[in-house]
Amino acid sequence: MPAVAAENAITVQNLLAAFEGESNAHAKYTAFAVKADEDGLHGAASLFRAAARAEQIHAANHARVIGQLHGHAECEIHPVEVKGTLENLKAALAGEQYEVATMYPGFLEEATAHKNSLAIRTFTGALEAEKTHARLYGEALALLEAGKKDSWIGEARDFYLCPVCGYTSESKDAHVSCPVCGYAWKKFEVVR
Ligand SMILES: [Fe+2]
Ligand SMILES: [Fe+2]
C-alpha cells in the first residue's frame with residue numbers, strides 16, 4: 001500500500017485528530033441522549049441524537065479522505081463521562097465551540113495552504129454543521145438554565161440532517177437543498 005505523501009503528512013495528522021474528535025463526540029452525544037430522556041428532556045435528547053448522527057457522518061467523511069490520502073483511519077473511543085443534562089449540554093457546547101473557533105479553522109488553513117481539496121471539503125462540511133450544533137446546544141442550555149422545561153427541550157422533536165455533509169437543521173421548511181453541499185433537501189434524514 002502506498003504511504004502518505006510528505007506534503008500531505010500534516011493534513012492527514014489533522015484528519016486523524018478530527019476523525020477521533022468526531023468519533024468520540026458521536027459516542028458522547030449518544031450517551032447524553034439516553035440521559036436526557038431519563039431526565040424527561042426529550043427535545044434535548046432529540047438534539048443529542050441528531051448531533052450524534054451528524055458527527056458519525058463527519059467521522060465517515062474524514063475516514064474516507066484519510067484513506068484517499070493513503071492513511072489509516074483508526075482511533076480510540078474514550079469512556080463517556082455522563083452527568084446531568086445541564087452539565088452534559090455545557091460539555092457538548094464547549095466541544096462544539098472549540099471545533100468552530102479553533103480546531104476546524106486551523107485545519108482548514110493548513111489544508112488550504114497545501115491546496116488539498118478533499119480535506120478542505122470534509123473540514124468545511126464539519127465546521128458548518130458544528131456552528132449549528134453550537135447554536136442549538138446554546139439555546140437548549142439557556143432554556144434549561146431558565147427552568148423552561150415546557151419549551152422545545154421537553155418534547156421529542158424532529159431534526160433534519162444532510163446525509164452527505166452532516167448539516168443539521170431544526171426547520172423542515174428552511175431549504176430546497178443543503179446550504180453547505182447542495183444535496184437535495186427531500187433526501188435529508190429525519191432524526192427524532
Ligand atoms: Fe457537532
Ligand atoms: Fe450537505
# chains A, B, ... in the order shown; residues from 1 in each chain; ligands from 1
$ residues_near_ligand --ligand "ligand 2" --cutoff "10 Å" --atoms "only C-alpha atoms and all ligand atoms" --output "MDAnalysis selection string"
chainID A and resid 125:126 128:129 161:168 177:185 188
$ residues_around --residues "region 64-78 of chain A" --least-positions-apart "6" --cutoff "6 Å" --atoms "only C-alpha atoms" --output "ChimeraX atom specification"
/A:3-4,20,24
$ closest_residue --among "A:Phe107, A:Arg53, A:Asn88, A:Ala45" --to "Leu15 (chain A)" --atoms "only C-alpha atoms"
A:Phe107
$ residues_around --residues "region 26-41 of chain A" --least-positions-apart "3" --cutoff "10 Å" --atoms "only C-alpha atoms" --output "count of residues only"
45
$ closest_residue --among "A:Gly138, A:Gly106, A:Pro2, A:Gly43" --to "Lys90 (chain A)" --atoms "only C-alpha atoms"
A:Gly138
$ select_by_dssp --residues "chain A" --states "helix (DSSP H, G or I)" --output "PyMOL selection string"
chain A and resi 6-38+42-68+85-113+117-145+185-187
$ residues_around --residues "Tyr98 (chain A)" --least-positions-apart "2" --cutoff "12 Å" --atoms "only C-alpha atoms" --output "PyMOL selection string"
chain A and resi 18+21+91-96+100-106+127+130-131+133-134
$ write_last_selection --atoms "N, CA and C atoms" --output "PDB file, in the first residue's frame"
ATOM      1  N   ALA A  18      -9.345  15.031  13.740  1.00  0.00           N
ATOM      2  CA  ALA A  18     -10.766  15.345  13.536  1.00  0.00           C
ATOM      3  C   ALA A  18     -11.601  14.065  13.566  1.00  0.00           C
ATOM      4  N   GLY A  21     -11.968  13.135  17.130  1.00  0.00           N
ATOM      5  CA  GLY A  21     -12.901  14.065  17.796  1.00  0.00           C
ATOM      6  C   GLY A  21     -14.344  13.747  17.449  1.00  0.00           C
ATOM      7  N   ALA A  91     -20.919  20.627  28.438  1.00  0.00           N
ATOM      8  CA  ALA A  91     -19.759  19.917  27.868  1.00  0.00           C
ATOM      9  C   ALA A  91     -19.878  19.848  26.349  1.00  0.00           C
ATOM     10  N   ALA A  92     -21.089  19.562  25.854  1.00  0.00           N
ATOM     11  CA  ALA A  92     -21.304  19.474  24.408  1.00  0.00           C
ATOM     12  C   ALA A  92     -21.052  20.828  23.751  1.00  0.00           C
ATOM     13  N   LEU A  93     -21.571  21.890  24.363  1.00  0.00           N
ATOM     14  CA  LEU A  93     -21.401  23.240  23.814  1.00  0.00           C
ATOM     15  C   LEU A  93     -19.914  23.609  23.769  1.00  0.00           C
ATOM     16  N   ALA A  94     -19.195  23.299  24.847  1.00  0.00           N
ATOM     17  CA  ALA A  94     -17.762  23.630  24.894  1.00  0.00           C
ATOM     18  C   ALA A  94     -17.011  22.892  23.783  1.00  0.00           C
ATOM     19  N   GLY A  95     -17.366  21.632  23.546  1.00  0.00           N
ATOM     20  CA  GLY A  95     -16.720  20.858  22.478  1.00  0.00           C
ATOM     21  C   GLY A  95     -16.971  21.463  21.113  1.00  0.00           C
ATOM     22  N   GLU A  96     -18.217  21.841  20.872  1.00  0.00           N
ATOM     23  CA  GLU A  96     -18.566  22.436  19.574  1.00  0.00           C
ATOM     24  C   GLU A  96     -17.858  23.778  19.393  1.00  0.00           C
ATOM     25  N   VAL A 100     -15.434  24.895  16.361  1.00  0.00           N
ATOM     26  CA  VAL A 100     -15.800  26.015  15.482  1.00  0.00           C
ATOM     27  C   VAL A 100     -14.760  27.130  15.522  1.00  0.00           C
ATOM     28  N   ALA A 101     -14.262  27.441  16.738  1.00  0.00           N
ATOM     29  CA  ALA A 101     -13.385  28.604  16.880  1.00  0.00           C
ATOM     30  C   ALA A 101     -11.915  28.265  16.634  1.00  0.00           C
ATOM     31  N   THR A 102     -11.520  27.043  16.927  1.00  0.00           N
ATOM     32  CA  THR A 102     -10.097  26.717  16.921  1.00  0.00           C
ATOM     33  C   THR A 102      -9.743  25.574  15.976  1.00  0.00           C
ATOM     34  N   MET A 103     -10.336  24.409  16.233  1.00  0.00           N
ATOM     35  CA  MET A 103      -9.853  23.214  15.541  1.00  0.00           C
ATOM     36  C   MET A 103     -10.055  23.280  14.029  1.00  0.00           C
ATOM     37  N   TYR A 104     -11.294  23.412  13.583  1.00  0.00           N
ATOM     38  CA  TYR A 104     -11.524  23.369  12.130  1.00  0.00           C
ATOM     39  C   TYR A 104     -10.935  24.566  11.381  1.00  0.00           C
ATOM     40  N   PRO A 105     -11.005  25.808  11.933  1.00  0.00           N
ATOM     41  CA  PRO A 105     -10.334  26.905  11.209  1.00  0.00           C
ATOM     42  C   PRO A 105      -8.838  26.638  11.021  1.00  0.00           C
ATOM     43  N   GLY A 106      -8.189  26.100  12.048  1.00  0.00           N
ATOM     44  CA  GLY A 106      -6.758  25.786  11.936  1.00  0.00           C
ATOM     45  C   GLY A 106      -6.497  24.706  10.900  1.00  0.00           C
ATOM     46  N   LEU A 127     -17.258  21.909   9.873  1.00  0.00           N
ATOM     47  CA  LEU A 127     -17.269  23.237  10.510  1.00  0.00           C
ATOM     48  C   LEU A 127     -18.661  23.853  10.462  1.00  0.00           C
ATOM     49  N   GLU A 130     -21.072  22.112  12.824  1.00  0.00           N
ATOM     50  CA  GLU A 130     -20.759  22.369  14.235  1.00  0.00           C
ATOM     51  C   GLU A 130     -21.255  23.751  14.663  1.00  0.00           C
ATOM     52  N   LYS A 131     -21.267  24.703  13.724  1.00  0.00           N
ATOM     53  CA  LYS A 131     -21.811  26.033  14.059  1.00  0.00           C
ATOM     54  C   LYS A 131     -23.273  25.911  14.468  1.00  0.00           C
ATOM     55  N   HIS A 133     -24.749  23.140  15.566  1.00  0.00           N
ATOM     56  CA  HIS A 133     -24.819  22.393  16.827  1.00  0.00           C
ATOM     57  C   HIS A 133     -24.550  23.328  18.009  1.00  0.00           C
ATOM     58  N   ALA A 134     -23.549  24.181  17.877  1.00  0.00           N
ATOM     59  CA  ALA A 134     -23.212  25.112  18.961  1.00  0.00           C
ATOM     60  C   ALA A 134     -24.407  26.027  19.254  1.00  0.00           C
TER      61      ALA A 134
END
